[in-house]
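Working notes, structure below.
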Amino acid sequence: LVEGNTCAHRLFLFAMSAERTTSFSSRGKSSFADTDYFILSNDVKFLRTLFLQALRSETADASERKKNKELKDNLEGIQSIPPEVRDLFKVSLLYEAEPTDKNFKAMHQRVLQMNAEEMKMSARLFLEMLQHANLVERNHRVRRWRDYKRGDKSIQSSSSQTLLDCFKDLLEKGMDKNQIRDALVSQNTELVFTAHPTQAARRSILTKQATLSRLLEKHDCSALLTPTQKNELLNQIQAALVGIWETNPVRRHKPTPEDEARYGLSVVEQSIWEAVPEHYHAVDYALKQIGCAPLPIDCCLLTFASWMGGDRDGNPFVTAKLTRRITYLSQWRAANLYWTEVGTLLWDLSIAGLPNTAILEEINRIAGEKNQGRGASSTPLKKSNSLNAMNFDFYRPQLETEEFYRQVLTYIRDRLAATVRRAAALSSDLPPPEDVGVKPYGKTEELVKDLLRVYKSLHECGDGILAEGRLKDLLVRVHTFGLSLNRLDIRQESNRHTDAIDAITSHLGLGSYRTWNEDTKIQWLTNELHSKRPLIPLRFPCSPEVQEVIDVFKMIAETGSEPFGAYVISMTTAASDVLAVRLLQKEAGIEQHLRVVPLFETKLDLENAPKCMELLFKNSWYRSNLSSPPQVPNVGWVPHQEVMLGYSDSAKDAGRLASVWSLHKAQEALVELSKQHSIKLNLFHGRGGSVGRGGGPQYLATLSQPAGSVQGWMRVTVQGEVIDHYFGLSSIASHTMERYTTSVLKATLTPPPPPSEGFREIMTRLSENSCDKYRNIVYEDAEFVEYFRAATPDFELKGLNLGSRPAKRKQGGIESLRAIPWMFAWTQTRLQLPVWLGVGTALTSEIDAGNLPLLQQMYKEWPFFRSTVELLEMVLAKTSKGIADYYESLLVPEDLQGISTKVWAELDATIEAIHKVTGRDEFMGGDENRNSRLAISSRVPLVDPINVLQANALLRMRHDEDHPEMPALRDAFAITVQGVAAGMGGLVSFQGEWARFEAARPGQLARILG
């Protein structure tokens, strides 16, 4: 492995592991006897060995290093790791080989004997090794994806859905090749990055992990390196591993909204920037393979937006002043990237031939500016602006006489430099610098126009091959990112707008807006929208909260609409909520209004969504002022209504099964309503990272949407905790983009047929029965809140510096808790209760009524029901009854453990019913889930010890809040939170090798532990 992890070497390892294959296969129903398993496991050992060797080198002298190299993947010889930690690691290795009750008890006993610092060190060690497994698996996914695209026929997983696969599948279904291209030309998927209040990993560590991943990719090709280069590469890998190890994973300060926004921008700069043109190359190549022309230059398959710095719902730290800074920070970073690319183009386009007339006219116009004293400045750019003057080696007079493209590009580069200087100043709340000859770019279309002029000239003058290189990639980026990289959405809760309007009407003597009925509100708002007189007085006395709402709209008017995307209204309940925002935009003087997007979140709001939207569609003023055009005109745009659907809150409110059915019905009703009113509908899916919040495989989710809900356009959130997973590397980002593009294309051209009435009736009963059971336990049992806070680390999580937003919108019980920390707390204990609670009761009721054959038919024929069941399977496969019972035995008082009897019974019923519906005795069966099952080989043995450490840390923290070891205990707990989050992000267990411990029931664990 040290000499190079080449394909041939990995196959050699596979061949040498035949004996292990036989023994492993004989122990469980599922076999990992394939090349993938051995490649993955040996890669994990390779990385672990390098890591431990690096740690030994810190403490061992030169005479001991040769001896220490033989120690490989154990902790011997590492003086910085205490003996107690080494003992726990040894026991965990035994547990990895034989996950028995005896070995689990041994881990428990070792942890009992540790002090807080030793627990902290142990948690850190297991976290590092778990992260190694995650990095190796991510690298392996990229490797498999590339092997598949190179034609490796041994990779048959359905997850390997490339663009060419998709096009061929559509052609086989009767689509014409021109239909495929036309659909792509008008297609747009916008990915909206959001901050995450339970994002556990520090950005400092994520950046180092990205570097390590790139080194692992390079190591896959180490057969092409010289011995010196190989040695240097290994040294770089070890340096990266030690750099991560020496970085404190615990945040000492809560991240600010600006910190979160900077992270979102860094992802674009470091990976997505490179991945976007690669994705368009892949699309054009696949189109060429089926006989189609490439996409037009102004096609926008993918665009990006962000809530980081714009989402003020429940976050008092996101102010108008901060949002303004974030918009200019985004412009600064974007202009800097474009400046660098144009600088490179100056070297590429050293063409001496004559350009077309448009270029010559532009050169004359630029010369006219210079003659008027407003030409490009020769003042060198300062390093403080992140720009360095480029020292050209070519002969300047030659540029002025015959290199026409360079003259135009130099002007473009000077304007971008001015844009950088202006945005950098404004992002720091400083006055913008005076113009030094050229004006900064104010709109994206200005930059597009300047670059497109060069692009067209090259084609017209016979140099099209030069236009199709770096210049086209730059144009694709400008259309994708605009002048802001991520266009910023504004989100605010509907009640805050109601408070603002109420303050205005009360001040004007019109009465209390809040007390008016809905018809009165709509009529008054419509009249004011028609009115040409101002409504809000210049000196309007109001509360600070109302003033902040008004200041946000003033900030948008002053900044301009260019950097912004949508204005999202959370907790929308009525049509007046939307009209109120349109009125506040009008009163602030916003010239090009932001499109207003109602967000329907709870089960009741989802059911009322069609009625709300119908009132808006029937409003003549609203219909004639529907939505603003995009910042960059692109193919296929038409005015449309955007509606956002909330997955997290509806699931917390009613349980997962009731939530997904409410969402499905709401989409069907909204699609039908938009058809009746001839209004294009664009649905914005507010999905979280976990299944409990609408997460899971996006490809599967898109293909299971109701017919007509994906019409070539889709918006979806990408939560903070999965941004790195899907976009942390350019190679991973390319893969992700391909999946979004193909899934939206297939959902548009081949939507699923509507379910039969019989299917709908059963799904309605399942939804109602599961919701009743869920709410009976979560909301109606008086002791459940206390049980939840005892059995999970809910309270302790609030003390960690995970995100800028508070965990609660207001004081109260479960109903006031945000959906994200609610799900995150259950994930830490591996129970994941919100996802499956109520499902067992609902399915068992239908099975007992003799409807099992119909349920099985639904699973086979209805994509929506199949995806719902398979996501439940995935969650149940991750659920650990043994670990959840371990937490309960240590943390829950006896008088509250009666609730767990209901919980365990429901879990057993759910597992049994899911097995009956799928007809399988194990979760995630079949070749299509092979990659998911592979994850267990490297994750389970590392996550279980982390859970043991976390449960014991919680026990000690709750026992004595003034304990002298409390700071170390808090650190140990914070590290275990990261460990469990990292493990559960990709962990998929199954019934088989680990089934013996997972089968433990309440009471049995207490006997195991003595």
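Here's how to read the names in the structure tokens: chain A, B, ... by the order shown, residue numbers from 1 in each chain, ligand numbers from 1 in the order shown.
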Strand (DSSP E or B) call set, DSSP backbone run, range 203-309 of chain A, as a ChimeraX atom specification: /A:302-306
Which of A:Lys90, A:Arg333, A:Arg656, A:Lys472 sits closest to His281 in chain A [using only C-alpha atoms]: A:Lys472
A:Gly310, A:Gly174, A:Gly353, A:Gly589 ranked by distance to Tyr567 in chain A, top pick (using only C-alpha atoms): A:Gly310
Could you pull the residues within 12 Å of Gly482 in chain A, counting only C-alpha atoms, minus those fewer than 6 positions along the same chain, as a PyMOL selection string? chain A and resi 300+302-305+330-335+337-338+441-448+474-476+488+562-565+630-633
Skip Leu766 in chain A itself and residues of its chain fewer than 6 positions away, then list as a tab-separated table (two decimals) with N, CA, C and O atoms, in the first residue's frame all residues within 12 Å of it, counting only C-alpha atoms.
```
chain	number	residue	atom	x	y	z
A	655	GLY	N	-45.23	13.59	12.27
A	655	GLY	CA	-44.57	12.33	11.97
A	655	GLY	C	-44.25	12.22	10.49
A	655	GLY	O	-44.88	12.87	9.65
A	656	ARG	N	-43.27	11.40	10.16
A	656	ARG	CA	-42.76	11.36	8.79
A	656	ARG	C	-43.81	10.89	7.78
A	656	ARG	O	-43.98	11.48	6.71
A	657	LEU	N	-44.55	9.84	8.09
A	657	LEU	CA	-45.48	9.28	7.12
A	657	LEU	C	-46.59	10.27	6.78
A	657	LEU	O	-46.94	10.47	5.62
A	658	ALA	N	-47.15	10.91	7.81
A	658	ALA	CA	-48.20	11.91	7.58
A	658	ALA	C	-47.62	13.12	6.85
A	658	ALA	O	-48.28	13.73	5.99
A	659	SER	N	-46.38	13.47	7.17
A	659	SER	CA	-45.74	14.62	6.54
A	659	SER	C	-45.57	14.40	5.04
A	659	SER	O	-45.93	15.27	4.23
A	660	VAL	N	-45.00	13.27	4.63
A	660	VAL	CA	-44.73	13.06	3.21
A	660	VAL	C	-46.02	12.99	2.39
A	660	VAL	O	-46.06	13.43	1.25
A	661	TRP	N	-47.08	12.43	2.99
A	661	TRP	CA	-48.34	12.37	2.26
A	661	TRP	C	-48.97	13.75	2.14
A	661	TRP	O	-49.53	14.11	1.11
A	662	SER	N	-48.88	14.57	3.20
A	662	SER	CA	-49.39	15.94	3.13
A	662	SER	C	-48.64	16.73	2.08
A	662	SER	O	-49.23	17.50	1.32
A	759	PHE	N	-54.93	3.00	-3.97
A	759	PHE	CA	-53.65	3.36	-3.36
A	759	PHE	C	-53.81	4.60	-2.49
A	759	PHE	O	-53.28	4.68	-1.37
A	760	ARG	N	-54.54	5.58	-3.02
A	760	ARG	CA	-54.71	6.84	-2.29
A	760	ARG	C	-55.49	6.63	-0.99
A	760	ARG	O	-55.17	7.23	0.04
A	772	ASP	N	-51.92	9.97	14.33
A	772	ASP	CA	-52.59	9.83	15.64
A	772	ASP	C	-51.66	9.17	16.66
A	772	ASP	O	-51.57	9.62	17.81
A	773	LYS	N	-50.97	8.13	16.24
A	773	LYS	CA	-50.07	7.42	17.15
A	773	LYS	C	-48.89	8.31	17.53
A	773	LYS	O	-48.49	8.38	18.70
A	774	TYR	N	-48.33	8.99	16.56
A	774	TYR	CA	-47.19	9.88	16.79
A	774	TYR	C	-47.56	10.98	17.79
A	774	TYR	O	-46.86	11.21	18.78
A	838	GLY	N	-45.08	5.72	14.80
A	838	GLY	CA	-46.43	5.72	14.24
A	838	GLY	C	-46.57	4.87	12.99
A	838	GLY	O	-47.69	4.45	12.64
A	839	VAL	N	-45.46	4.59	12.32
A	839	VAL	CA	-45.51	3.82	11.07
A	839	VAL	C	-45.93	2.38	11.34
A	839	VAL	O	-46.74	1.80	10.61
A	840	GLY	N	-45.41	1.79	12.41
A	840	GLY	CA	-45.74	0.41	12.73
A	840	GLY	C	-47.22	0.21	12.98
A	840	GLY	O	-47.84	-0.73	12.48
A	841	THR	N	-47.81	1.11	13.78
A	841	THR	CA	-49.25	1.04	14.06
A	841	THR	C	-50.07	1.15	12.78
A	841	THR	O	-51.02	0.38	12.57
A	842	ALA	N	-49.69	2.10	11.92
A	842	ALA	CA	-50.45	2.33	10.69
A	842	ALA	C	-50.37	1.13	9.75
A	842	ALA	O	-51.39	0.66	9.22
A	843	LEU	N	-49.17	0.62	9.50
A	843	LEU	CA	-49.01	-0.51	8.59
A	843	LEU	C	-49.66	-1.78	9.15
A	843	LEU	O	-50.30	-2.54	8.41
A	844	THR	N	-49.49	-2.01	10.46
A	844	THR	CA	-50.07	-3.22	11.07
A	844	THR	C	-51.59	-3.20	10.95
A	844	THR	O	-52.22	-4.25	10.72
A	845	SER	N	-52.18	-2.02	11.10
A	845	SER	CA	-53.64	-1.90	10.97
A	845	SER	C	-54.10	-2.33	9.57
A	845	SER	O	-55.11	-3.05	9.43
A	846	GLU	N	-53.37	-1.93	8.53
A	846	GLU	CA	-53.73	-2.31	7.17
A	846	GLU	C	-53.46	-3.80	6.92
A	846	GLU	O	-54.25	-4.47	6.24
A	847	ILE	N	-52.36	-4.29	7.47
A	847	ILE	CA	-52.03	-5.72	7.29
A	847	ILE	C	-53.09	-6.58	7.97
A	847	ILE	O	-53.55	-7.58	7.40
A	851	ASN	N	-54.87	-6.15	3.89
A	851	ASN	CA	-54.40	-5.33	2.77
A	851	ASN	C	-52.91	-5.47	2.48
A	851	ASN	O	-52.34	-4.64	1.77
A	855	LEU	N	-50.54	-3.45	-0.22
A	855	LEU	CA	-49.36	-2.69	0.21
A	855	LEU	C	-48.14	-3.13	-0.59
A	855	LEU	O	-47.31	-2.29	-0.99
A	865	PHE	N	-44.53	5.68	-2.92
A	865	PHE	CA	-44.61	4.78	-1.77
A	865	PHE	C	-43.32	3.98	-1.63
A	865	PHE	O	-42.84	3.73	-0.52
```
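Distances here use only C-alpha atoms; by that measure, the residue among A:Glu738, A:Asp502, A:Glu591, A:Glu545 closest to Thr162 in chain A is A:Glu738.
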Polymer residues at most 10 Å from Leu673 in chain A, only C-alpha atoms, same-chain spacing of 4 or more positions, as a ChimeraX atom specification: /A:610-611,613-614,617,667-669,677-679,681
Fewer than 6 positions away in the same chain doesn't count, so skip those; otherwise give me all residues within 12 Å of Glu190 in chain A, counting only C-alpha atoms, as a PyMOL selection string. chain A and resi 300-306+480-481+486-487+489+565-566+682-685+712-718+737+740-741+744
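Proximity of A:Val552, A:Leu729, A:Val478, A:Leu599 to Thr211 in chain A, computed with only C-alpha atoms, is greatest for A:Leu729.
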As a compact mmCIF listing (two decimals) with N, CA and C atoms, in the first residue's frame, please: the residues near Lys902 in chain A (cut-off 12 Å, only C-alpha atoms, same-chain neighbours under 3 positions excluded).
```txt
# COMPACT_ATOMS: atom_id res chain seq x y z
N LYS A 773 -50.97 8.13 16.24
CA LYS A 773 -50.07 7.42 17.15
C LYS A 773 -48.89 8.31 17.53
N TYR A 774 -48.33 8.99 16.56
CA TYR A 774 -47.19 9.88 16.79
C TYR A 774 -47.56 10.98 17.79
N ASN A 776 -50.06 11.07 19.82
CA ASN A 776 -50.47 10.51 21.11
C ASN A 776 -49.28 10.36 22.04
N ILE A 777 -48.14 9.96 21.50
CA ILE A 777 -46.95 9.76 22.34
C ILE A 777 -46.18 11.07 22.52
N VAL A 778 -45.94 11.80 21.42
CA VAL A 778 -45.05 12.97 21.49
C VAL A 778 -45.72 14.18 22.12
N ASP A 781 -48.75 12.69 25.66
CA ASP A 781 -48.23 12.06 26.88
C ASP A 781 -47.51 13.13 27.69
N PHE A 784 -43.68 12.85 28.17
CA PHE A 784 -42.77 12.62 27.05
C PHE A 784 -41.67 13.68 26.97
N LEU A 833 -36.20 8.33 16.50
CA LEU A 833 -37.62 8.11 16.76
C LEU A 833 -38.56 8.91 15.85
N LEU A 837 -41.78 6.62 14.22
CA LEU A 837 -42.84 6.53 15.23
C LEU A 837 -44.22 6.68 14.59
N GLY A 838 -45.08 5.72 14.80
CA GLY A 838 -46.43 5.72 14.24
C GLY A 838 -46.57 4.87 12.99
N GLY A 840 -45.41 1.79 12.41
CA GLY A 840 -45.74 0.41 12.73
C GLY A 840 -47.22 0.21 12.98
N THR A 841 -47.81 1.11 13.78
CA THR A 841 -49.25 1.04 14.06
C THR A 841 -50.07 1.15 12.78
N LEU A 896 -39.75 7.22 34.42
CA LEU A 896 -40.03 7.64 33.05
C LEU A 896 -39.86 6.51 32.05
N GLN A 897 -39.37 5.38 32.47
CA GLN A 897 -39.06 4.31 31.53
C GLN A 897 -40.31 3.58 31.02
N GLY A 898 -41.46 3.91 31.60
CA GLY A 898 -42.70 3.34 31.07
C GLY A 898 -42.98 3.81 29.65
N ILE A 899 -42.53 5.04 29.32
CA ILE A 899 -42.74 5.55 27.96
C ILE A 899 -41.98 4.70 26.97
N ALA A 905 -42.22 -1.06 21.58
CA ALA A 905 -43.29 -1.82 20.92
C ALA A 905 -43.55 -1.28 19.52
N GLU A 906 -43.55 0.05 19.39
CA GLU A 906 -43.79 0.65 18.08
C GLU A 906 -42.63 0.37 17.12
N LEU A 907 -41.41 0.39 17.63
CA LEU A 907 -40.25 0.09 16.79
C LEU A 907 -40.31 -1.35 16.28
N ASP A 908 -40.63 -2.29 17.18
CA ASP A 908 -40.75 -3.70 16.77
C ASP A 908 -41.84 -3.87 15.70
N ALA A 909 -42.98 -3.18 15.93
CA ALA A 909 -44.08 -3.28 14.96
C ALA A 909 -43.68 -2.71 13.61
N PRO A 1002 -35.00 -3.75 26.26
CA PRO A 1002 -34.91 -3.08 27.54
C PRO A 1002 -34.87 -4.10 28.68
```
Pick out the closest residue to Phe167 in chain A from this set: A:Ala575, A:Ala223, A:Cys299, A:Val283. Count only C-alpha atoms.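 When distances to Phe167 in chain A are compared using only C-alpha atoms, the smallest one comes from A:Val283.
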